[in-house]
$ cat query34.pdb   # PDB, C-alpha atoms and all ligand atoms
ATOM      1  CA  MET U   1     -23.490  24.444 -11.231  1.00  0.00           C
ATOM      2  CA  ALA U   2     -23.228  20.662 -11.184  1.00  0.00           C
ATOM      3  CA  THR U   3     -22.530  19.871  -7.592  1.00  0.00           C
ATOM      4  CA  ASN U   4     -19.756  17.687  -6.402  1.00  0.00           C
ATOM      5  CA  LEU U   5     -18.922  17.798  -2.732  1.00  0.00           C
ATOM      6  CA  VAL U   6     -15.272  17.258  -1.872  1.00  0.00           C
ATOM      7  CA  PHE U   7     -13.741  16.954   1.592  1.00  0.00           C
ATOM      8  CA  VAL U   8     -10.198  18.295   1.862  1.00  0.00           C
ATOM      9  CA  TYR U   9      -7.973  17.472   4.816  1.00  0.00           C
ATOM     10  CA  GLY U  10      -4.497  18.465   3.673  1.00  0.00           C
ATOM     11  CA  THR U  11      -2.773  21.071   1.574  1.00  0.00           C
ATOM     12  CA  LEU U  12      -6.044  22.181  -0.055  1.00  0.00           C
ATOM     13  CA  LYS U  13      -7.481  23.598   3.189  1.00  0.00           C
ATOM     14  CA  GLN U  14      -7.632  27.311   3.912  1.00  0.00           C
ATOM     15  CA  ASN U  15      -4.213  28.754   4.799  1.00  0.00           C
ATOM     16  CA  GLU U  16      -2.431  25.702   3.366  1.00  0.00           C
ATOM     17  CA  PRO U  17      -0.034  25.658   0.391  1.00  0.00           C
ATOM     18  CA  ASN U  18      -2.414  24.348  -2.317  1.00  0.00           C
ATOM     19  CA  HIS U  19      -5.547  26.231  -1.280  1.00  0.00           C
ATOM     20  CA  HIS U  20      -5.112  28.620  -4.218  1.00  0.00           C
ATOM     21  CA  TRP U  21      -6.102  25.727  -6.533  1.00  0.00           C
ATOM     22  CA  LEU U  22      -9.597  25.892  -5.093  1.00  0.00           C
ATOM     23  CA  THR U  23      -9.915  29.656  -5.356  1.00  0.00           C
ATOM     24  CA  ASP U  24      -8.361  30.117  -8.820  1.00  0.00           C
ATOM     25  CA  LYS U  25     -11.315  30.779 -11.171  1.00  0.00           C
ATOM     26  CA  GLU U  26      -9.280  29.347 -14.065  1.00  0.00           C
ATOM     27  CA  ASN U  27      -9.585  25.951 -12.378  1.00  0.00           C
ATOM     28  CA  GLY U  28     -13.377  26.192 -12.111  1.00  0.00           C
ATOM     29  CA  GLU U  29     -15.841  27.082  -9.370  1.00  0.00           C
ATOM     30  CA  SER U  30     -15.722  26.237  -5.696  1.00  0.00           C
ATOM     31  CA  LYS U  31     -17.658  27.247  -2.626  1.00  0.00           C
ATOM     32  CA  LEU U  32     -16.923  26.420   1.007  1.00  0.00           C
ATOM     33  CA  VAL U  33     -19.768  24.451   2.581  1.00  0.00           C
ATOM     34  CA  GLY U  34     -18.139  24.221   5.991  1.00  0.00           C
ATOM     35  CA  LYS U  35     -15.885  22.350   8.344  1.00  0.00           C
ATOM     36  CA  ALA U  36     -16.508  18.640   8.665  1.00  0.00           C
ATOM     37  CA  THR U  37     -15.198  15.455  10.259  1.00  0.00           C
ATOM     38  CA  THR U  38     -15.000  11.981   8.732  1.00  0.00           C
ATOM     39  CA  GLN U  39     -17.444   9.469  10.219  1.00  0.00           C
ATOM     40  CA  GLU U  40     -14.780   6.802   9.795  1.00  0.00           C
ATOM     41  CA  ARG U  41     -11.378   6.851  11.468  1.00  0.00           C
ATOM     42  CA  TYR U  42      -8.380   7.053   9.128  1.00  0.00           C
ATOM     43  CA  PRO U  43      -4.608   7.253   9.573  1.00  0.00           C
ATOM     44  CA  LEU U  44      -3.505  10.742   8.489  1.00  0.00           C
ATOM     45  CA  VAL U  45       0.295  10.782   8.291  1.00  0.00           C
ATOM     46  CA  ILE U  46       3.018  13.016   6.917  1.00  0.00           C
ATOM     47  CA  ALA U  47       5.520  11.144   4.776  1.00  0.00           C
ATOM     48  CA  SER U  48       8.044  11.161   1.940  1.00  0.00           C
ATOM     49  CA  ARG U  49      10.828  13.652   1.688  1.00  0.00           C
ATOM     50  CA  PHE U  50       8.302  16.228   0.472  1.00  0.00           C
ATOM     51  CA  ASN U  51       6.319  15.965   3.717  1.00  0.00           C
ATOM     52  CA  ILE U  52       3.087  15.164   1.945  1.00  0.00           C
ATOM     53  CA  PRO U  53      -0.043  14.541   4.007  1.00  0.00           C
ATOM     54  CA  PHE U  54      -1.443  11.097   3.191  1.00  0.00           C
ATOM     55  CA  LEU U  55      -4.779   9.706   4.273  1.00  0.00           C
ATOM     56  CA  LEU U  56      -4.256   5.959   4.214  1.00  0.00           C
ATOM     57  CA  ALA U  57      -7.108   3.752   3.050  1.00  0.00           C
ATOM     58  CA  ALA U  58      -7.100   1.866   6.353  1.00  0.00           C
ATOM     59  CA  PRO U  59     -10.478   2.734   7.897  1.00  0.00           C
ATOM     60  CA  GLY U  60     -10.799   2.074  11.614  1.00  0.00           C
ATOM     61  CA  LYS U  61      -7.221   3.115  12.420  1.00  0.00           C
ATOM     62  CA  GLY U  62      -6.250   6.646  13.462  1.00  0.00           C
ATOM     63  CA  GLU U  63      -8.624   9.509  14.132  1.00  0.00           C
ATOM     64  CA  HIS U  64     -11.845  11.022  12.844  1.00  0.00           C
ATOM     65  CA  ILE U  65     -10.258  13.516  10.460  1.00  0.00           C
ATOM     66  CA  GLU U  66     -11.041  17.225  10.482  1.00  0.00           C
ATOM     67  CA  GLY U  67     -11.245  19.074   7.185  1.00  0.00           C
ATOM     68  CA  GLU U  68     -13.362  21.321   4.979  1.00  0.00           C
ATOM     69  CA  VAL U  69     -16.128  20.461   2.515  1.00  0.00           C
ATOM     70  CA  TYR U  70     -16.377  22.358  -0.762  1.00  0.00           C
ATOM     71  CA  GLU U  71     -18.991  22.367  -3.483  1.00  0.00           C
ATOM     72  CA  VAL U  72     -17.143  22.271  -6.813  1.00  0.00           C
ATOM     73  CA  ASP U  73     -18.124  22.165 -10.486  1.00  0.00           C
ATOM     74  CA  GLU U  74     -16.992  19.479 -12.949  1.00  0.00           C
ATOM     75  CA  LYS U  75     -14.096  21.594 -14.158  1.00  0.00           C
ATOM     76  CA  MET U  76     -12.701  22.103 -10.646  1.00  0.00           C
ATOM     77  CA  MET U  77     -13.235  18.418  -9.861  1.00  0.00           C
ATOM     78  CA  SER U  78     -11.080  17.361 -12.803  1.00  0.00           C
ATOM     79  CA  ASN U  79      -8.438  19.945 -11.928  1.00  0.00           C
ATOM     80  CA  LEU U  80      -8.262  18.622  -8.377  1.00  0.00           C
ATOM     81  CA  ASP U  81      -7.834  15.138  -9.852  1.00  0.00           C
ATOM     82  CA  ILE U  82      -4.816  16.449 -11.756  1.00  0.00           C
ATOM     83  CA  LEU U  83      -3.295  17.988  -8.629  1.00  0.00           C
ATOM     84  CA  GLU U  84      -3.823  14.798  -6.628  1.00  0.00           C
ATOM     85  CA  ASP U  85      -2.743  12.608  -9.557  1.00  0.00           C
ATOM     86  CA  HIS U  86      -5.954  10.586  -9.268  1.00  0.00           C
ATOM     87  CA  PRO U  87      -6.125   7.615  -9.748  1.00  0.00           C
ATOM     88  CA  LYS U  88      -2.379   6.944  -9.903  1.00  0.00           C
ATOM     89  CA  LEU U  89      -1.410   8.366  -6.524  1.00  0.00           C
ATOM     90  CA  TYR U  90      -4.487   9.264  -4.522  1.00  0.00           C
ATOM     91  CA  GLU U  91      -7.825   7.653  -5.340  1.00  0.00           C
ATOM     92  CA  ARG U  92     -10.994   9.701  -5.088  1.00  0.00           C
ATOM     93  CA  LYS U  93     -13.728   7.854  -3.178  1.00  0.00           C
ATOM     94  CA  LYS U  94     -17.152   8.697  -1.698  1.00  0.00           C
ATOM     95  CA  ASN U  95     -17.274   8.934   2.076  1.00  0.00           C
ATOM     96  CA  LYS U  96     -19.582  10.084   4.887  1.00  0.00           C
ATOM     97  CA  MET U  97     -18.784  13.319   6.744  1.00  0.00           C
ATOM     98  CA  THR U  98     -20.447  15.156   9.601  1.00  0.00           C
ATOM     99  CA  LEU U  99     -20.827  18.896   9.038  1.00  0.00           C
ATOM    100  CA  GLU U 100     -19.661  20.859  12.084  1.00  0.00           C
ATOM    101  CA  THR U 101     -22.311  23.589  11.937  1.00  0.00           C
ATOM    102  CA  THR U 102     -25.465  21.474  11.580  1.00  0.00           C
ATOM    103  CA  GLY U 103     -24.382  17.971  12.563  1.00  0.00           C
ATOM    104  CA  GLU U 104     -25.792  16.822   9.229  1.00  0.00           C
ATOM    105  CA  VAL U 105     -24.215  13.730   7.655  1.00  0.00           C
ATOM    106  CA  ILE U 106     -23.311  14.168   3.994  1.00  0.00           C
ATOM    107  CA  GLU U 107     -21.604  12.102   1.311  1.00  0.00           C
ATOM    108  CA  SER U 108     -18.588  13.707  -0.281  1.00  0.00           C
ATOM    109  CA  TRP U 109     -15.489  12.840  -2.270  1.00  0.00           C
ATOM    110  CA  ILE U 110     -12.200  12.332  -0.471  1.00  0.00           C
ATOM    111  CA  TYR U 111      -8.694  11.544  -1.740  1.00  0.00           C
ATOM    112  CA  LEU U 112      -7.258   8.377  -0.155  1.00  0.00           C
ATOM    113  CA  LEU U 113      -3.948   6.617  -0.604  1.00  0.00           C
ATOM    114  CA  HIS U 114      -4.615   2.952  -1.370  1.00  0.00           C
ATOM    115  CA  LYS U 115      -1.154   1.731  -2.303  1.00  0.00           C
ATOM    116  CA  TYR U 116       0.701   2.644   0.860  1.00  0.00           C
ATOM    117  CA  ARG U 117       3.660   0.938   2.479  1.00  0.00           C
ATOM    118  CA  PRO U 118       2.563  -1.008   5.567  1.00  0.00           C
ATOM    119  CA  ASP U 119       5.158   0.797   7.705  1.00  0.00           C
ATOM    120  CA  MET U 120       3.391   4.100   6.966  1.00  0.00           C
ATOM    121  CA  LEU U 121       0.943   2.869   9.617  1.00  0.00           C
ATOM    122  CA  ASP U 122       3.733   3.250  12.200  1.00  0.00           C
ATOM    123  CA  LEU U 123       3.989   7.016  11.615  1.00  0.00           C
ATOM    124  CA  PRO U 124       2.307   9.453  14.038  1.00  0.00           C
ATOM    125  CA  MET U 125      -1.388   9.745  13.154  1.00  0.00           C
ATOM    126  CA  LEU U 126      -2.861  13.236  13.070  1.00  0.00           C
ATOM    127  CA  LYS U 127      -6.445  14.376  13.531  1.00  0.00           C
ATOM    128  CA  SER U 128      -5.968  17.631  11.726  1.00  0.00           C
ATOM    129  CA  TYR U 129      -3.250  18.553   9.199  1.00  0.00           C
ATOM    130  CA  SER U 130      -1.261  21.753   9.143  1.00  0.00           C
ATOM    131  CA  SER U 131       1.803  22.294   6.961  1.00  0.00           C
ATOM    132  CA  LYS U 132       3.340  24.324   9.754  1.00  0.00           C
ATOM    133  CA  GLY U 133       2.396  22.188  12.726  1.00  0.00           C
ATOM    134  CA  SER U 134       4.505  21.223  15.703  1.00  0.00           C
ATOM    135  CA  HIS U 135       5.627  18.146  13.737  1.00  0.00           C
ATOM    136  CA  GLY U 136       8.246  20.382  12.050  1.00  0.00           C
ATOM    137  CA  LYS U 137       7.616  18.702   8.704  1.00  0.00           C
ATOM    138  CA  GLU U 138       7.033  21.622   6.404  1.00  0.00           C
ATOM    139  CA  TYR U 139       5.436  20.826   3.050  1.00  0.00           C
ATOM    140  CA  ALA U 140       7.696  21.030  -0.010  1.00  0.00           C
ATOM    141  CA  ALA U 141       5.417  23.397  -1.942  1.00  0.00           C
ATOM    142  CA  ARG U 142       8.145  24.559  -4.284  1.00  0.00           C
ATOM    143  CA  TYR U 143       7.866  21.269  -6.199  1.00  0.00           C
ATOM    144  CA  LEU U 144       4.381  22.255  -7.300  1.00  0.00           C
ATOM    145  CA  ARG U 145       5.522  25.496  -8.922  1.00  0.00           C
ATOM    146  CA  ASP U 146       5.746  24.210 -12.459  1.00  0.00           C
ATOM    147  CA  ASP U 147       4.545  21.188 -14.384  1.00  0.00           C
ATOM    148  CA  VAL U 148       7.957  19.608 -14.886  1.00  0.00           C
ATOM    149  CA  CYS U 149       8.716  19.756 -11.187  1.00  0.00           C
ATOM    150  CA  ARG U 150       5.270  18.415 -10.426  1.00  0.00           C
ATOM    151  CA  GLU U 151       5.812  15.405 -12.679  1.00  0.00           C
ATOM    152  CA  ASN U 152       9.091  14.740 -10.871  1.00  0.00           C
ATOM    153  CA  MET U 153       7.477  15.122  -7.520  1.00  0.00           C
ATOM    154  CA  TYR U 154       4.760  12.592  -8.331  1.00  0.00           C
ATOM    155  CA  ALA U 155       7.362  10.135  -9.580  1.00  0.00           C
ATOM    156  CA  GLU U 156       9.382  10.568  -6.404  1.00  0.00           C
ATOM    157  CA  MET U 157       6.325  10.406  -4.190  1.00  0.00           C
ATOM    158  CA  ASN U 158       5.302   7.140  -5.785  1.00  0.00           C
ATOM    159  CA  ALA U 159       8.815   5.832  -5.267  1.00  0.00           C
ATOM    160  CA  ALA U 160       8.821   6.997  -1.646  1.00  0.00           C
ATOM    161  CA  VAL U 161       5.465   5.442  -0.917  1.00  0.00           C
ATOM    162  CA  ASN U 162       6.305   2.202  -2.638  1.00  0.00           C
ATOM    163  CA  SER U 163       9.843   1.432  -1.631  1.00  0.00           C
ATOM    164  CA  GLU U 164      12.276   4.064  -0.408  1.00  0.00           C
ATOM    165  CA  ASP U 165      12.720   5.673   2.989  1.00  0.00           C
ATOM    166  CA  LEU U 166       9.733   7.518   4.360  1.00  0.00           C
TER     167      LEU U 166
HETATM  168  N1  LIG U 201      -4.368  17.645  -0.676  1.00  0.00           N
HETATM  169  C1  LIG U 201      -5.618  16.972  -0.605  1.00  0.00           C
HETATM  170  C2  LIG U 201      -5.273  15.561  -0.356  1.00  0.00           C
HETATM  171  C3  LIG U 201      -3.880  15.547   0.092  1.00  0.00           C
HETATM  172  C4  LIG U 201      -3.371  16.878  -0.210  1.00  0.00           C
HETATM  173  O1  LIG U 201      -2.240  17.239  -0.101  1.00  0.00           O
HETATM  174  C5  LIG U 201      -6.456  17.552   0.469  1.00  0.00           C
HETATM  175  O2  LIG U 201      -6.143  18.616   0.999  1.00  0.00           O
HETATM  176  O3  LIG U 201      -7.474  16.934   0.832  1.00  0.00           O
END
$ encode --input "query34.pdb" --output "structure tokens"
Amino acid sequence: MATNLVFVYGTLKQNEPNHHWLTDKENGESKLVGKATTQERYPLVIASRFNIPFLLAAPGKGEHIEGEVYEVDEKMMSNLDILEDHPKLYERKKNKMTLETTGEVIESWIYLLHKYRPDMLDLPMLKSYSSKGSHGKEYAARYLRDDVCRENMYAEMNAAVNSEDL
């Protein structure tokens, strides 16, 4: 299969609420390469009233982020772009990651939030995301259940990130 490597750090990870997108054969093919860490530091915050994990495009601030690298085909890549609302909400960019098992440095795609509110940088910065972490900010997965709700959620997320309360 055509190989695209994608690094996931949020709800797409194993045991997180959107992981089924990666395993659903209807969305395309995916294969776990392994755990990895970003070479660059990034602010990983939880924000909006849906408790969405956002990786802010502010390299140098925050932590080296822990996540998982997957090999995906073109079909899965475009389905992930739909889920992440690329390029309207998150933007998919190439980035360097270190693979945990071998220490090898690889280039992979990553979804970053470019149009963030400056005060999102004041939120607690995580190294590793979990929807059920001690932060008590559980992810609002129910909004992803159907397409209409998803459209609404994206609209509200954009509003939250651009102007309203975090
Ligand atoms: N899912 C993507 C980006 C943010 C999110 O919720 C991920 O897990 O990498």
$ resolve_selection --input "query34.pdb" --expression "the PyMOL selection byres (((chain U and resi 11) around 9) and not hetatm)" --output "list of chain:residue names"
U:Val8, U:Tyr9, U:Gly10, U:Leu12, U:Lys13, U:Gln14, U:Asn15, U:Glu16, U:Pro17, U:Asn18, U:His19, U:Ile52, U:Pro53, U:Tyr129, U:Ser130, U:Ser131, U:Tyr139
$ resolve_selection --input "query34.pdb" --expression "the PyMOL selection byres (((chain U and resi 28) around 10) and not hetatm)" --output "list in words"
Trp21, Leu22, Thr23, Asp24, Lys25, Glu26, Asn27, Glu29, Ser30, Val72, Asp73, Glu74, Lys75, Met76, Met77, Ser78, Asn79 and Leu80 of chain U
$ axis_aligned_box --input "query34.pdb" --around "ligand LIG 201 (chain U)" --padding-each-side "8 Å" --output "JSON"
{"center_x": -4.9, "center_y": 17.1, "center_z": 0.2, "size_x": 21.2, "size_y": 19.1, "size_z": 17.7}
$ resolve_selection --input "query34.pdb" --expression "the PyMOL selection byres (((chain U and resi 42-47) around 9) and not hetatm)" --output "ChimeraX atom specification"
/U:9,38,40-41,48-65,120-121,123-129,135,137,160-161,166
$ atom_distance --input "query34.pdb" --atom1 "atom O1 of ligand LIG 201 (chain U)" --atom2 "CA of Lys96 in chain U"
19.4 Å
$ atom_distance --input "query34.pdb" --atom1 "CA of Leu89 in chain U" --atom2 "CA of Lys31 in chain U"
25.2 Å
$ atom_distance --input "query34.pdb" --atom1 "CA of Tyr90 in chain U" --atom2 "CA of Ala36 in chain U"
20.2 Å
$ closest_residue --input "query34.pdb" --among "U:Leu112, U:Gln39, U:Thr3, U:Val105" --to "ligand LIG 201 (chain U)" --atoms "all atoms listed in the file"
U:Leu112
$ residues_near_point --input "query34.pdb" --point "(-4.5, 12.6, -6.4)" --cutoff "9 Å" --atoms "only C-alpha atoms" --output "list in words"
Leu80, Asp81, Ile82, Leu83, Glu84, Asp85, His86, Pro87, Lys88, Leu89, Tyr90, Glu91, Arg92, Tyr111, Leu112 and Leu113 of chain U
